file query18.txt (compact mmCIF, C-alpha atoms)
# COMPACT_ATOMS: atom_id res chain seq x y z
CA MET A 147 0.00 0.00 0.00
CA LEU A 148 1.26 3.47 -0.90
CA ALA A 149 2.46 5.15 2.29
CA LYS A 150 1.56 8.71 3.25
CA ARG A 151 4.71 10.83 3.31
CA ILE A 152 6.19 12.91 6.14
CA ILE A 153 8.33 15.73 4.78
CA PRO A 154 10.47 18.00 6.95
CA CYS A 155 11.28 21.35 5.34
CA LEU A 156 14.63 23.10 5.86
CA ASP A 157 15.07 26.81 5.20
CA ILE A 158 18.47 27.55 3.70
CA LYS A 159 20.31 30.85 3.65
CA ASP A 160 23.83 31.22 2.22
CA GLY A 161 24.25 27.46 2.33
CA ARG A 162 23.23 27.09 6.01
CA THR A 163 19.96 26.18 7.68
CA VAL A 164 18.19 29.07 9.33
CA LYS A 165 15.59 29.22 12.10
CA GLY A 166 16.98 27.86 15.28
CA VAL A 167 17.44 24.16 15.56
CA ASN A 168 18.19 22.46 18.83
CA PHE A 169 18.85 18.86 17.97
CA GLU A 170 21.01 17.19 20.53
CA GLY A 171 24.03 15.41 19.20
CA LEU A 172 24.42 17.57 16.12
CA ARG A 173 27.91 19.03 15.98
CA ASP A 174 26.62 21.96 14.00
CA ALA A 175 22.90 22.56 13.71
CA GLY A 176 23.37 25.01 10.88
CA ASP A 177 24.78 22.41 8.48
CA PRO A 178 21.95 21.34 6.14
CA VAL A 179 23.74 18.15 5.16
CA GLU A 180 24.05 17.01 8.74
CA LEU A 181 20.44 17.90 9.56
CA ALA A 182 19.24 16.16 6.39
CA ARG A 183 21.11 13.01 7.33
CA ARG A 184 19.58 13.14 10.80
CA TYR A 185 16.03 13.47 9.42
CA ALA A 186 16.60 10.64 6.95
CA LYS A 187 17.81 8.41 9.76
CA GLU A 188 14.75 9.23 11.85
CA GLY A 189 12.41 8.17 9.07
CA ALA A 190 11.67 11.25 6.96
CA ASP A 191 10.24 10.08 3.62
CA GLU A 192 11.46 13.08 1.66
CA LEU A 193 13.01 16.44 2.36
CA VAL A 194 12.36 19.92 1.02
CA PHE A 195 15.11 22.56 0.99
CA LEU A 196 13.83 26.08 0.60
CA ASP A 197 16.53 28.59 -0.29
CA ILE A 198 15.81 32.09 1.00
CA THR A 199 19.17 33.61 0.04
CA ALA A 200 18.78 36.90 -1.79
CA THR A 201 22.35 37.54 -2.94
CA LYS A 202 23.83 37.24 -6.42
CA GLU A 203 26.04 34.35 -5.35
CA LYS A 204 22.90 32.39 -4.49
CA ARG A 205 22.80 30.06 -7.47
CA LYS A 206 26.39 28.85 -7.24
CA THR A 207 26.16 28.26 -3.49
CA LEU A 208 22.89 26.40 -3.85
CA VAL A 209 24.15 24.11 -6.64
CA LYS A 210 27.20 23.24 -4.54
CA LEU A 211 24.99 22.49 -1.55
CA VAL A 212 22.67 20.32 -3.64
CA GLU A 213 25.67 18.31 -4.85
CA LYS A 214 26.73 17.69 -1.26
CA ILE A 215 23.23 16.74 -0.14
CA ALA A 216 22.77 14.38 -3.09
CA LEU A 217 25.99 12.59 -2.28
CA GLU A 218 24.93 11.96 1.32
CA LEU A 219 21.19 11.47 1.17
CA ASP A 220 19.54 8.23 0.06
CA ILE A 221 15.95 9.53 0.05
CA PRO A 222 14.36 11.95 -2.45
CA PHE A 223 14.60 15.69 -1.97
CA THR A 224 13.11 18.81 -3.49
CA VAL A 225 14.80 22.19 -3.86
CA GLY A 226 12.88 25.44 -4.06
CA GLY A 227 13.20 29.17 -3.53
CA GLY A 228 13.52 31.77 -6.24
CA ILE A 229 14.02 29.31 -9.13
CA GLY A 230 13.12 31.21 -12.29
CA SER A 231 14.40 29.55 -15.46
CA VAL A 232 14.82 26.25 -17.29
CA GLU A 233 18.61 26.68 -16.97
CA GLU A 234 18.41 26.95 -13.19
CA ILE A 235 16.16 23.90 -13.03
CA ALA A 236 18.63 21.96 -15.20
CA ASP A 237 21.55 22.96 -12.93
CA LEU A 238 19.76 21.82 -9.79
CA LEU A 239 18.54 18.52 -11.27
CA HIS A 240 22.00 17.76 -12.68
CA ALA A 241 23.46 18.51 -9.26
CA GLY A 242 21.26 15.71 -7.90
CA ALA A 243 17.97 17.25 -6.76
CA ASP A 244 15.04 14.92 -7.45
CA LYS A 245 12.47 17.68 -7.84
CA VAL A 246 12.34 21.45 -8.01
CA SER A 247 9.62 23.53 -6.46
CA LEU A 248 8.47 26.55 -8.46
CA ASN A 249 6.40 29.35 -6.97
CA SER A 250 6.56 33.05 -7.97
CA ALA A 251 8.26 32.36 -11.32
CA ILE A 252 5.40 30.22 -12.65
CA VAL A 253 2.85 32.87 -11.74
CA ARG A 254 4.86 35.44 -13.69
CA ASN A 255 5.55 33.00 -16.53
CA PRO A 256 3.19 30.00 -16.52
CA ASP A 257 4.82 28.61 -19.69
CA LEU A 258 7.82 27.71 -17.54
CA ILE A 259 5.80 24.75 -16.22
CA ASN A 260 5.17 23.46 -19.74
CA GLU A 261 8.79 23.94 -20.81
CA ALA A 262 10.24 22.38 -17.67
CA SER A 263 7.91 19.39 -17.57
CA ARG A 264 8.47 18.71 -21.27
CA GLN A 265 12.22 18.80 -20.82
CA PHE A 266 12.63 17.06 -17.46
CA GLY A 267 9.33 15.20 -16.93
CA SER A 268 6.34 16.16 -14.77
CA GLN A 269 7.61 13.98 -11.93
CA CYS A 270 10.24 16.54 -10.96
CA ILE A 271 8.16 19.71 -11.28
CA VAL A 272 6.45 20.71 -8.05
CA ALA A 273 4.13 23.70 -8.18
CA ALA A 274 4.23 25.53 -4.84
CA VAL A 275 1.06 27.50 -4.20
CA ASP A 276 0.75 29.91 -1.27
CA ALA A 277 -2.97 30.44 -0.72
CA LYS A 278 -4.76 32.86 1.57
CA SER A 279 -8.45 33.30 2.23
CA GLN A 280 -9.78 36.56 0.71
CA GLY A 281 -13.51 37.06 1.02
CA ASP A 282 -15.23 33.99 -0.39
CA GLN A 283 -12.20 32.50 -2.18
CA TRP A 284 -8.54 31.59 -1.67
CA GLU A 285 -6.10 33.74 -3.58
CA VAL A 286 -2.53 33.06 -4.69
CA PHE A 287 0.26 35.04 -3.03
CA ILE A 288 3.82 35.27 -4.33
CA SER A 289 7.19 36.74 -3.37
CA GLY A 290 7.29 34.93 -0.05
CA GLY A 291 3.68 35.77 0.70
CA SER A 292 4.12 39.52 0.34
CA LYS A 293 2.19 40.05 -2.88
CA ASN A 294 -1.40 39.13 -3.68
CA THR A 295 -1.78 38.14 -7.32
CA GLY A 296 -5.58 38.20 -7.09
CA LYS A 297 -5.61 34.78 -8.79
CA ASN A 298 -8.18 32.25 -7.59
CA ALA A 299 -6.08 29.49 -5.99
CA LEU A 300 -8.31 26.59 -7.12
CA LYS A 301 -8.32 27.76 -10.73
CA TRP A 302 -4.57 28.29 -10.61
CA ILE A 303 -4.00 24.77 -9.26
CA LYS A 304 -6.11 23.32 -12.05
CA GLU A 305 -4.04 25.31 -14.53
CA VAL A 306 -0.64 24.22 -13.20
CA GLU A 307 -1.80 20.60 -13.36
CA GLU A 308 -2.91 21.00 -16.98
CA ARG A 309 0.41 22.66 -17.83
CA GLY A 310 2.33 19.63 -16.55
CA ALA A 311 3.14 20.04 -12.85
CA GLY A 312 3.57 16.63 -11.18
CA GLU A 313 2.74 17.60 -7.62
CA ILE A 314 1.28 20.50 -5.61
CA LEU A 315 2.93 21.90 -2.50
CA LEU A 316 -0.01 23.71 -0.95
CA THR A 317 0.70 26.20 1.83
CA SER A 318 -2.11 27.85 3.74
CA MET A 319 -0.87 31.33 4.58
CA ASP A 320 -3.68 31.73 7.08
CA ARG A 321 -2.33 28.79 9.08
CA ASP A 322 1.40 28.99 8.38
CA GLY A 323 3.32 29.41 11.64
CA THR A 324 0.18 29.18 13.81
CA LYS A 325 0.46 25.50 14.79
CA SER A 326 -3.34 25.49 14.83
CA GLY A 327 -3.72 22.70 12.27
CA PHE A 328 -3.81 22.52 8.48
CA ASP A 329 -6.57 24.36 6.60
CA LEU A 330 -8.71 21.28 5.99
CA GLU A 331 -11.28 23.20 3.98
CA LEU A 332 -8.67 24.48 1.53
CA LEU A 333 -6.96 21.10 1.37
CA SER A 334 -10.22 19.24 0.66
CA ALA A 335 -11.24 21.77 -1.99
CA VAL A 336 -7.89 21.31 -3.75
CA ASN A 337 -7.98 17.52 -3.51
CA ASP A 338 -11.46 17.50 -5.02
CA ILE A 339 -10.28 19.20 -8.21
CA THR A 340 -6.79 17.83 -8.79
CA SER A 341 -5.57 14.38 -9.79
CA ILE A 342 -1.90 14.89 -8.88
CA PRO A 343 -0.45 14.43 -5.38
CA VAL A 344 -0.88 17.26 -2.87
CA ILE A 345 1.54 18.04 -0.03
CA ALA A 346 -0.17 19.84 2.85
CA SER A 347 1.81 22.67 4.42
CA GLY A 348 1.13 25.39 6.96
CA GLY A 349 -0.25 24.92 10.45
CA ALA A 350 1.15 21.60 11.69
CA GLY A 351 1.30 21.66 15.48
CA THR A 352 0.36 18.17 16.61
CA SER A 353 0.22 14.59 15.31
CA GLN A 354 -3.57 14.86 15.24
CA HIS A 355 -3.28 17.76 12.78
CA CYS A 356 -1.35 15.48 10.42
CA ILE A 357 -3.87 12.68 10.87
CA ASP A 358 -6.72 15.09 10.07
CA ALA A 359 -4.99 16.41 6.95
CA ILE A 360 -4.61 12.86 5.65
CA LYS A 361 -7.89 11.30 6.81
CA LYS A 362 -10.30 14.21 6.55
CA ALA A 363 -8.74 16.20 3.71
CA LYS A 364 -7.00 13.41 1.74
CA ALA A 365 -3.50 14.91 1.77
CA ASP A 366 -0.89 12.66 0.13
CA ALA A 367 1.90 14.05 2.26
CA VAL A 368 2.39 16.49 5.13
CA LEU A 369 5.18 19.01 5.34
CA ALA A 370 6.36 20.80 8.44
CA ALA A 371 9.37 22.75 9.61
CA SER A 372 9.42 24.01 13.18
CA ILE A 373 7.71 21.06 14.90
CA PHE A 374 10.52 18.85 13.63
CA HIS A 375 13.34 21.35 14.12
CA PHE A 376 12.42 21.90 17.74
CA GLN A 377 11.67 18.23 18.29
CA GLU A 378 8.13 18.99 19.41
CA ILE A 379 7.22 15.93 17.37
CA GLU A 380 9.67 13.13 16.63
CA ILE A 381 9.20 11.74 13.13
CA HIS A 382 9.21 8.21 14.50
CA ASP A 383 6.48 8.99 17.09
CA LEU A 384 4.41 10.79 14.48
CA LYS A 385 4.55 7.72 12.24
CA GLU A 386 3.53 5.50 15.17
CA LYS A 387 0.47 7.71 15.73
CA LEU A 388 -0.44 7.71 12.03
CA LYS A 389 -0.13 3.95 11.96
CA ASN A 390 -2.42 3.63 14.97
CA ALA A 391 -4.93 5.77 13.07
CA ASP A 392 -4.82 3.19 10.22
CA ILE A 393 -2.77 5.39 7.92
CA PRO A 394 -0.16 3.49 5.90
CA VAL A 395 3.33 4.74 6.73
CA ARG A 396 6.82 3.58 5.90
CA GLU A 397 8.39 2.26 9.07
CA THR A 398 12.13 2.57 9.23
CA ILE A 399 13.14 1.61 12.76
CA MET B 223 33.49 -2.22 -12.93
CA ILE B 224 29.88 -1.06 -13.34
CA ALA B 225 28.98 1.18 -16.27
CA ILE B 226 26.08 3.61 -15.90
CA ILE B 227 24.60 4.36 -19.31
CA ASN B 228 24.63 8.06 -20.06
CA TYR B 229 21.80 9.23 -22.30
CA GLU B 230 19.27 12.05 -22.39
CA ALA B 231 16.94 10.57 -19.79
CA GLY B 232 19.37 9.54 -17.08
CA ASN B 233 19.17 10.46 -13.40
CA LEU B 234 22.90 9.82 -13.42
CA ALA B 235 23.97 11.83 -10.38
CA SER B 236 21.64 9.89 -8.07
CA VAL B 237 22.74 6.46 -9.27
CA SER B 238 26.40 7.43 -9.28
CA ASN B 239 26.08 8.87 -5.75
CA ALA B 240 24.43 5.68 -4.52
CA LEU B 241 27.26 3.53 -5.92
CA GLN B 242 29.78 5.93 -4.41
CA ARG B 243 28.13 5.55 -0.99
CA LEU B 244 28.51 1.79 -1.39
CA THR B 245 32.13 2.24 -2.61
CA ILE B 246 31.39 0.40 -5.85
CA PRO B 247 33.74 1.33 -8.72
CA HIS B 248 31.78 2.71 -11.66
CA THR B 249 31.95 4.82 -14.76
CA ILE B 250 29.35 6.92 -16.60
CA THR B 251 29.46 6.46 -20.35
CA ASN B 252 27.65 6.44 -23.68
CA LYS B 253 30.47 4.62 -25.54
CA GLU B 254 30.10 1.01 -26.62
CA SER B 255 33.82 0.41 -26.04
CA GLU B 256 33.40 1.36 -22.36
CA LEU B 257 30.28 -0.77 -22.01
CA ASP B 258 32.18 -3.72 -23.52
CA LYS B 259 34.75 -3.43 -20.75
CA ALA B 260 32.20 -3.30 -17.91
CA ASP B 261 31.12 -6.33 -15.84
CA GLY B 262 27.60 -5.01 -15.26
CA ILE B 263 25.43 -2.24 -16.64
CA ILE B 264 23.03 0.11 -14.88
CA PHE B 265 20.45 1.66 -17.18
CA PRO B 266 18.72 4.49 -15.28
CA GLY B 267 16.04 6.79 -16.58
CA VAL B 268 13.45 9.42 -15.80
CA GLY B 269 11.20 11.41 -18.06
CA HIS B 270 9.55 10.55 -21.35
CA ALA B 271 9.99 7.30 -23.32
CA THR B 272 10.13 8.79 -26.84
CA PRO B 273 13.13 11.16 -26.47
CA ALA B 274 14.86 8.54 -24.32
CA MET B 275 14.69 5.91 -27.11
CA ALA B 276 15.75 8.50 -29.70
CA SER B 277 18.78 9.34 -27.58
CA LEU B 278 19.73 5.64 -27.23
CA ARG B 279 19.46 5.11 -31.01
CA GLU B 280 21.64 8.12 -31.71
CA ASN B 281 24.59 6.42 -30.02
CA GLY B 282 23.75 2.89 -31.17
CA LEU B 283 23.13 1.97 -27.54
CA ASP B 284 19.78 0.35 -28.36
CA SER B 285 21.48 -2.36 -30.46
CA TRP B 286 24.22 -2.79 -27.88
CA LEU B 287 21.68 -3.29 -25.08
CA LYS B 288 19.66 -5.81 -27.12
CA GLN B 289 22.65 -8.07 -27.85
CA THR B 290 24.52 -7.92 -24.53
CA THR B 291 24.78 -10.94 -22.23
CA LYS B 292 26.12 -8.88 -19.32
CA PRO B 293 23.83 -8.28 -16.32
CA VAL B 294 21.80 -5.11 -16.95
CA LEU B 295 19.77 -3.34 -14.24
CA GLY B 296 17.10 -1.04 -15.67
CA ILE B 297 15.74 1.54 -13.24
CA CYS B 298 12.32 3.22 -13.64
CA LEU B 299 12.17 4.43 -17.28
CA GLY B 300 15.21 2.18 -17.94
CA MET B 301 13.12 -0.83 -16.90
CA GLN B 302 10.18 0.39 -18.96
CA LEU B 303 12.36 0.62 -22.08
CA PHE B 304 13.02 -3.15 -21.82
CA TYR B 305 9.44 -3.71 -23.03
CA GLU B 306 8.21 -3.77 -26.64
CA SER B 307 6.19 -0.58 -26.55
CA SER B 308 4.47 2.03 -24.41
CA GLU B 309 1.26 3.99 -24.49
CA GLU B 310 3.48 6.98 -23.62
CA GLY B 311 3.73 8.77 -26.95
CA ASP B 312 3.01 5.39 -28.57
CA SER B 313 6.76 4.73 -28.39
CA GLU B 314 8.74 1.58 -29.14
CA GLY B 315 11.11 0.06 -26.60
CA LEU B 316 14.01 -2.39 -26.81
CA GLY B 317 11.66 -5.37 -26.82
CA VAL B 318 13.82 -7.66 -24.68
CA ILE B 319 10.75 -8.29 -22.51
CA PRO B 320 7.32 -8.80 -24.09
CA GLY B 321 4.50 -6.41 -23.30
CA ARG B 322 3.26 -2.84 -23.58
CA LEU B 323 3.35 -0.17 -20.89
CA LYS B 324 0.00 1.29 -19.87
CA LYS B 325 -1.02 4.51 -18.17
CA PHE B 326 -2.56 4.43 -14.69
CA ASP B 327 -6.24 5.30 -14.62
CA SER B 328 -6.27 8.74 -12.98
CA SER B 329 -10.04 8.70 -12.52
CA GLN B 330 -9.49 6.38 -9.54
CA HIS B 331 -6.44 7.76 -7.74
CA LYS B 332 -3.74 10.38 -8.04
CA VAL B 333 -1.30 9.92 -10.92
CA PRO B 334 1.75 9.77 -10.86
CA HIS B 335 2.12 6.95 -8.38
CA MET B 336 4.48 8.89 -6.15
CA GLY B 337 5.97 7.80 -2.87
CA TRP B 338 6.90 4.71 -0.88
CA ASN B 339 5.23 1.38 -1.55
CA THR B 340 5.80 -2.30 -0.78
CA PHE B 341 5.74 -5.46 -2.89
CA SER B 342 2.33 -7.12 -2.93
CA ASP B 343 3.92 -10.37 -4.06
CA VAL B 344 7.50 -11.49 -4.61
CA ASN B 345 9.11 -14.56 -6.22
CA ALA B 346 12.57 -15.91 -5.45
CA HIS B 347 15.37 -14.24 -7.44
CA PRO B 348 18.89 -13.16 -6.39
CA LEU B 349 17.97 -9.51 -7.15
CA VAL B 350 15.27 -9.48 -4.46
CA LYS B 351 17.09 -11.72 -2.01
CA GLY B 352 16.10 -10.82 1.54
CA PHE B 353 12.93 -8.94 0.57
CA GLY B 354 9.31 -9.76 1.34
CA THR B 355 6.20 -7.63 1.36
CA GLU B 356 7.21 -5.34 4.26
CA GLU B 357 10.01 -3.24 2.78
CA TYR B 358 9.26 0.12 1.21
CA PHE B 359 10.78 1.46 -2.03
CA TYR B 360 10.38 4.90 -3.62
CA TYR B 361 8.30 5.13 -6.82
CA VAL B 362 7.54 7.97 -9.24
CA HIS B 363 5.76 6.94 -12.44
CA SER B 364 2.58 7.40 -14.46
CA TYR B 365 2.98 4.36 -16.74
CA TYR B 366 3.25 0.77 -15.53
CA ALA B 367 4.26 -2.64 -16.84
CA PRO B 368 1.40 -5.16 -16.63
CA GLU B 369 2.34 -8.40 -14.90
CA ASN B 370 3.57 -11.22 -17.12
CA GLU B 371 5.60 -14.45 -16.92
CA PHE B 372 8.81 -12.46 -16.23
CA THR B 373 7.36 -10.54 -13.27
CA THR B 374 9.55 -11.19 -10.21
CA ALA B 375 7.76 -8.86 -7.79
CA SER B 376 4.44 -7.05 -8.04
CA CYS B 377 3.25 -3.83 -6.47
CA HIS B 378 -0.28 -2.55 -6.05
CA TYR B 379 -1.35 0.97 -6.95
CA ILE B 380 -4.74 1.35 -8.64
CA ASN B 381 -3.96 -2.10 -10.10
CA GLU B 382 -1.28 -4.77 -9.76
CA PHE B 383 1.81 -4.11 -11.87
CA SER B 384 5.35 -5.42 -12.36
CA SER B 385 7.64 -3.80 -9.84
CA VAL B 386 10.59 -6.10 -10.56
CA VAL B 387 10.99 -7.90 -13.86
CA CYS B 388 13.77 -10.37 -14.73
CA ARG B 389 14.51 -12.19 -17.95
CA ASP B 390 17.93 -13.83 -18.31
CA ASN B 391 20.51 -11.07 -17.86
CA TYR B 392 17.92 -8.26 -17.99
CA MET B 393 16.67 -7.11 -14.58
CA GLY B 394 14.40 -4.12 -14.13
CA VAL B 395 12.95 -2.27 -11.15
CA GLN B 396 10.14 0.27 -11.43
CA PHE B 397 11.16 2.05 -8.20
CA HIS B 398 14.35 4.02 -7.50
CA PRO B 399 16.72 1.88 -5.41
CA GLU B 400 19.19 4.79 -5.38
CA LYS B 401 16.56 6.82 -3.48
CA SER B 402 15.06 4.06 -1.35
CA GLY B 403 17.14 4.32 1.81
CA LYS B 404 18.69 1.21 3.32
CA GLU B 405 16.45 -1.20 1.39
CA GLY B 406 17.42 0.38 -1.92
CA SER B 407 21.11 0.02 -1.07
CA LEU B 408 20.55 -3.66 -0.30
CA LEU B 409 18.92 -4.19 -3.68
CA LEU B 410 21.84 -2.49 -5.45
CA GLN B 411 24.21 -4.72 -3.49
CA ASN B 412 22.20 -7.77 -4.63
CA PHE B 413 22.75 -6.65 -8.22
CA ILE B 414 26.50 -6.20 -7.61
CA GLN B 415 26.54 -9.71 -6.13
CA ILE B 416 24.95 -11.06 -9.33
CA VAL B 417 27.51 -9.18 -11.43
CA SER B 418 30.46 -10.51 -9.44
CA SER B 419 29.21 -14.11 -9.54
CA GLU B 420 29.02 -14.08 -13.37

call {"tool": "encode", "arguments": {"input": "query18.txt", "output": "structure tokens"}}
result
Amino acid sequence: MLAKRIIPCLDIKDGRTVKGVNFEGLRDAGDPVELARRYAKEGADELVFLDITATKEKRKTLVKLVEKIALELDIPFTVGGGIGSVEEIADLLHAGADKVSLNSAIVRNPDLINEASRQFGSQCIVAAVDAKSQGDQWEVFISGGSKNTGKNALKWIKEVEERGAGEILLTSMDRDGTKSGFDLELLSAVNDITSIPVIASGGAGTSQHCIDAIKKAKADAVLAASIFHFQEIEIHDLKEKLKNADIPVRETI
Amino acid sequence: MIAIINYEAGNLASVSNALQRLTIPHTITNKESELDKADGIIFPGVGHATPAMASLRENGLDSWLKQTTKPVLGICLGMQLFYESSEEGDSEGLGVIPGRLKKFDSSQHKVPHMGWNTFSDVNAHPLVKGFGTEEYFYYVHSYYAPENEFTTASCHYINEFSSVVCRDNYMGVQFHPEKSGKEGSLLLQNFIQIVSSE
């Protein structure tokens, strides 16, 4: 049976992880490679690296980091953050990333999805959609959530699927950082209209939140950052709880 | 020495990294002369079947693969190209294993089949030595090989399909052993064992 995936997300700046991490036993909590290895060992099914570097040197540093991660890590990983062209996608995939996550760039230039999926295959093109409730609909925000595009999120998701995206990384901006649970209404609405996998993001605070996202809103995977970084939830314990709720998970220990 | 076939559709870095982690000597090549020198061949692949076959033909690698008696491990699209044909772009494959690839019915479940899944059934073969129906492997694919007489292990997603297929020296896996954690490494080691016992 296909397992539901647990995906820790690491924010990267200048080649280092940001946001505090307090894992015991890590020599250096800022080293993404070391943290990635730790998560993989604890049973993470995939990892997402989100680069928030804003400098010109960004691309070179990121490609080097991806090469290092790919050499160490034996589970799939996605790289995202400011990726804007087919050339950049090619560089990251050749460096060993399994998927790239595209966000603002595909809103500005939707054809990028078609070009990238034609060239590299849909399986490695993740469309990241940051959605926020505005009146009676969810709208798409870009540029790290700072700019409202006015686009209807459900229509946009349908469009990215038709253009060739292989997976949706859906972040609820209303819930992001609140630890009050995923936006089940948004997640269900998206799952009702799309036939590609959906990763739920934004709002994870407890194991029950993850169970609800999967059981009530049919999420294919759940992504979280801080609850894993601060060890509020151990990946292994979370998987135990999912299993007890009759959710198929990949057991590693 | 293991040769990883280099063509347009390869996920070469991942396979090469996995072999490096296992300290297995290997080379990445699209030259017949290099393939002739290798003890075993890994034939990776992601993406679309049509450009992948075109790229193989360009270097004469399709004929080389069809005539070789060396152990060949096809991974994902590499495995799919062992078959005669695919619904994907109505493309032709190498035809070393009979059958035609089909597309998953997306009216029932999400397509691609993406994530970790187990074998639903497994027969004895040195490639899957030590594996039953508990171990998880990582899959990403929209087309599948229907089960046939050469199916070594099956997997269930929407329907049963061939997860591992073996015919003589041709061995194929639909999942990505290079991305499947400890279990994937064990499967690659099984293949190396087969190569070294030849």

call {"tool": "closest_residue", "arguments": {"input": "query18.txt", "among": "A:Gly312, A:Leu333, A:Gly327, A:Ser341", "to": "His355 (chain A)", "atoms": "only C-alpha atoms"}}
result
A:Gly327

call {"tool": "interface_residues", "arguments": {"input": "query18.txt", "of": "chain B", "to": "chain A", "cutoff": "9 Å", "atoms": "all atoms listed in the file", "output": "JSON, numbers by chain"}}
result
{"B": [231, 233, 234, 235, 236, 238, 239, 240, 242, 243, 268, 269, 270, 328, 329, 330, 331, 332, 333, 334, 335, 336, 337, 338, 339, 340, 341, 342, 357, 358, 360, 362, 363, 364, 377, 378, 379, 399, 400, 401, 402, 403, 404, 406, 407]}

call {"tool": "residues_around", "arguments": {"input": "query18.txt", "residues": "Leu193 (chain A)", "least_positions_apart": "2", "cutoff": "9 Å", "atoms": "all atoms listed in the file", "output": "list in words"}}
result
Ile152, Ile153, Pro154, Cys155, Leu156, Ala182, Tyr185, Ala186, Ala190, Asp191, Phe195, Ile221, Pro222, Phe223, Thr224, Val225 and Leu369 of chain A

call {"tool": "atom_distance", "arguments": {"input": "query18.txt", "atom1": "CA of Ala375 (chain B)", "atom2": "CA of Val387 (chain B)"}}
result
6.9 Å

call {"tool": "residues_around", "arguments": {"input": "query18.txt", "residues": "Glu310 (chain B)", "least_positions_apart": "3", "cutoff": "12 Å", "atoms": "only C-alpha atoms", "output": "VMD selection string"}}
result
chain B and resid 269 to 275 299 302 to 303 307 313 to 315 322 to 326 363 to 367

call {"tool": "closest_residue", "arguments": {"input": "query18.txt", "among": "B:Leu244, B:Leu316, B:Leu295, B:Cys388", "to": "Pro266 (chain B)", "atoms": "only C-alpha atoms"}}
result
B:Leu295

call {"tool": "atom_distance", "arguments": {"input": "query18.txt", "atom1": "CA of Val212 (chain A)", "atom2": "CA of Val164 (chain A)"}}
result
16.3 Å

call {"tool": "atom_distance", "arguments": {"input": "query18.txt", "atom1": "CA of Tyr361 (chain B)", "atom2": "CA of Gln396 (chain B)"}}
result
6.9 Å

call {"tool": "residues_around", "arguments": {"input": "query18.txt", "residues": "Trp286 (chain B)", "least_positions_apart": "2", "cutoff": "12 Å", "atoms": "all atoms listed in the file", "output": "PyMOL selection string"}}
result
chain B and resi 227+252-258+263+278-284+288-292+294+316+318

call {"tool": "residues_around", "arguments": {"input": "query18.txt", "residues": "region 281-295 of chain A", "least_positions_apart": "4", "cutoff": "7 Å", "atoms": "only C-alpha atoms", "output": "PyMOL selection string"}}
result
chain A and resi 249-250+275-277+299

call {"tool": "residues_around", "arguments": {"input": "query18.txt", "residues": "Pro256 (chain A)", "least_positions_apart": "3", "cutoff": "10 Å", "atoms": "all atoms listed in the file", "output": "PDB file with C-alpha atoms, in the coordinates of the input"}}
result
ATOM      1  CA  SER A 250       6.560  33.050  -7.970  1.00  0.00           C
ATOM      2  CA  ALA A 251       8.260  32.360 -11.320  1.00  0.00           C
ATOM      3  CA  ILE A 252       5.400  30.220 -12.650  1.00  0.00           C
ATOM      4  CA  VAL A 253       2.850  32.870 -11.740  1.00  0.00           C
ATOM      5  CA  ILE A 259       5.800  24.750 -16.220  1.00  0.00           C
ATOM      6  CA  ASN A 260       5.170  23.460 -19.740  1.00  0.00           C
ATOM      7  CA  GLU A 261       8.790  23.940 -20.810  1.00  0.00           C
ATOM      8  CA  TRP A 302      -4.570  28.290 -10.610  1.00  0.00           C
ATOM      9  CA  GLU A 305      -4.040  25.310 -14.530  1.00  0.00           C
ATOM     10  CA  VAL A 306      -0.640  24.220 -13.200  1.00  0.00           C
ATOM     11  CA  ARG A 309       0.410  22.660 -17.830  1.00  0.00           C
TER      12      ARG A 309
END

call {"tool": "build_atoms", "arguments": {"input": "query18.txt", "residues": "region 317-325 of chain B", "atoms": "N, CA and C atoms", "output": "PDB file, in the coordinates of the input"}}
result
ATOM      1  N   GLY B 317      12.322  -4.102 -26.507  1.00  0.00           N
ATOM      2  CA  GLY B 317      11.660  -5.370 -26.820  1.00  0.00           C
ATOM      3  C   GLY B 317      12.356  -6.611 -26.279  1.00  0.00           C
ATOM      4  N   VAL B 318      13.197  -6.464 -25.253  1.00  0.00           N
ATOM      5  CA  VAL B 318      13.820  -7.660 -24.680  1.00  0.00           C
ATOM      6  C   VAL B 318      12.874  -8.368 -23.712  1.00  0.00           C
ATOM      7  N   ILE B 319      11.811  -7.683 -23.332  1.00  0.00           N
ATOM      8  CA  ILE B 319      10.750  -8.290 -22.510  1.00  0.00           C
ATOM      9  C   ILE B 319       9.425  -8.007 -23.207  1.00  0.00           C
ATOM     10  N   PRO B 320       8.577  -9.031 -23.380  1.00  0.00           N
ATOM     11  CA  PRO B 320       7.320  -8.800 -24.090  1.00  0.00           C
ATOM     12  C   PRO B 320       6.350  -7.947 -23.284  1.00  0.00           C
ATOM     13  N   GLY B 321       5.544  -7.175 -23.982  1.00  0.00           N
ATOM     14  CA  GLY B 321       4.500  -6.410 -23.300  1.00  0.00           C
ATOM     15  C   GLY B 321       4.519  -4.949 -23.668  1.00  0.00           C
ATOM     16  N   ARG B 322       3.427  -4.267 -23.283  1.00  0.00           N
ATOM     17  CA  ARG B 322       3.260  -2.840 -23.580  1.00  0.00           C
ATOM     18  C   ARG B 322       2.911  -2.098 -22.301  1.00  0.00           C
ATOM     19  N   LEU B 323       3.594  -0.982 -22.066  1.00  0.00           N
ATOM     20  CA  LEU B 323       3.350  -0.170 -20.890  1.00  0.00           C
ATOM     21  C   LEU B 323       2.005   0.532 -21.000  1.00  0.00           C
ATOM     22  N   LYS B 324       1.299   0.612 -19.864  1.00  0.00           N
ATOM     23  CA  LYS B 324       0.000   1.290 -19.870  1.00  0.00           C
ATOM     24  C   LYS B 324       0.017   2.456 -18.902  1.00  0.00           C
ATOM     25  N   LYS B 325      -0.927   3.379 -19.088  1.00  0.00           N
ATOM     26  CA  LYS B 325      -1.020   4.510 -18.170  1.00  0.00           C
ATOM     27  C   LYS B 325      -1.993   4.187 -17.037  1.00  0.00           C
TER      28      LYS B 325
END
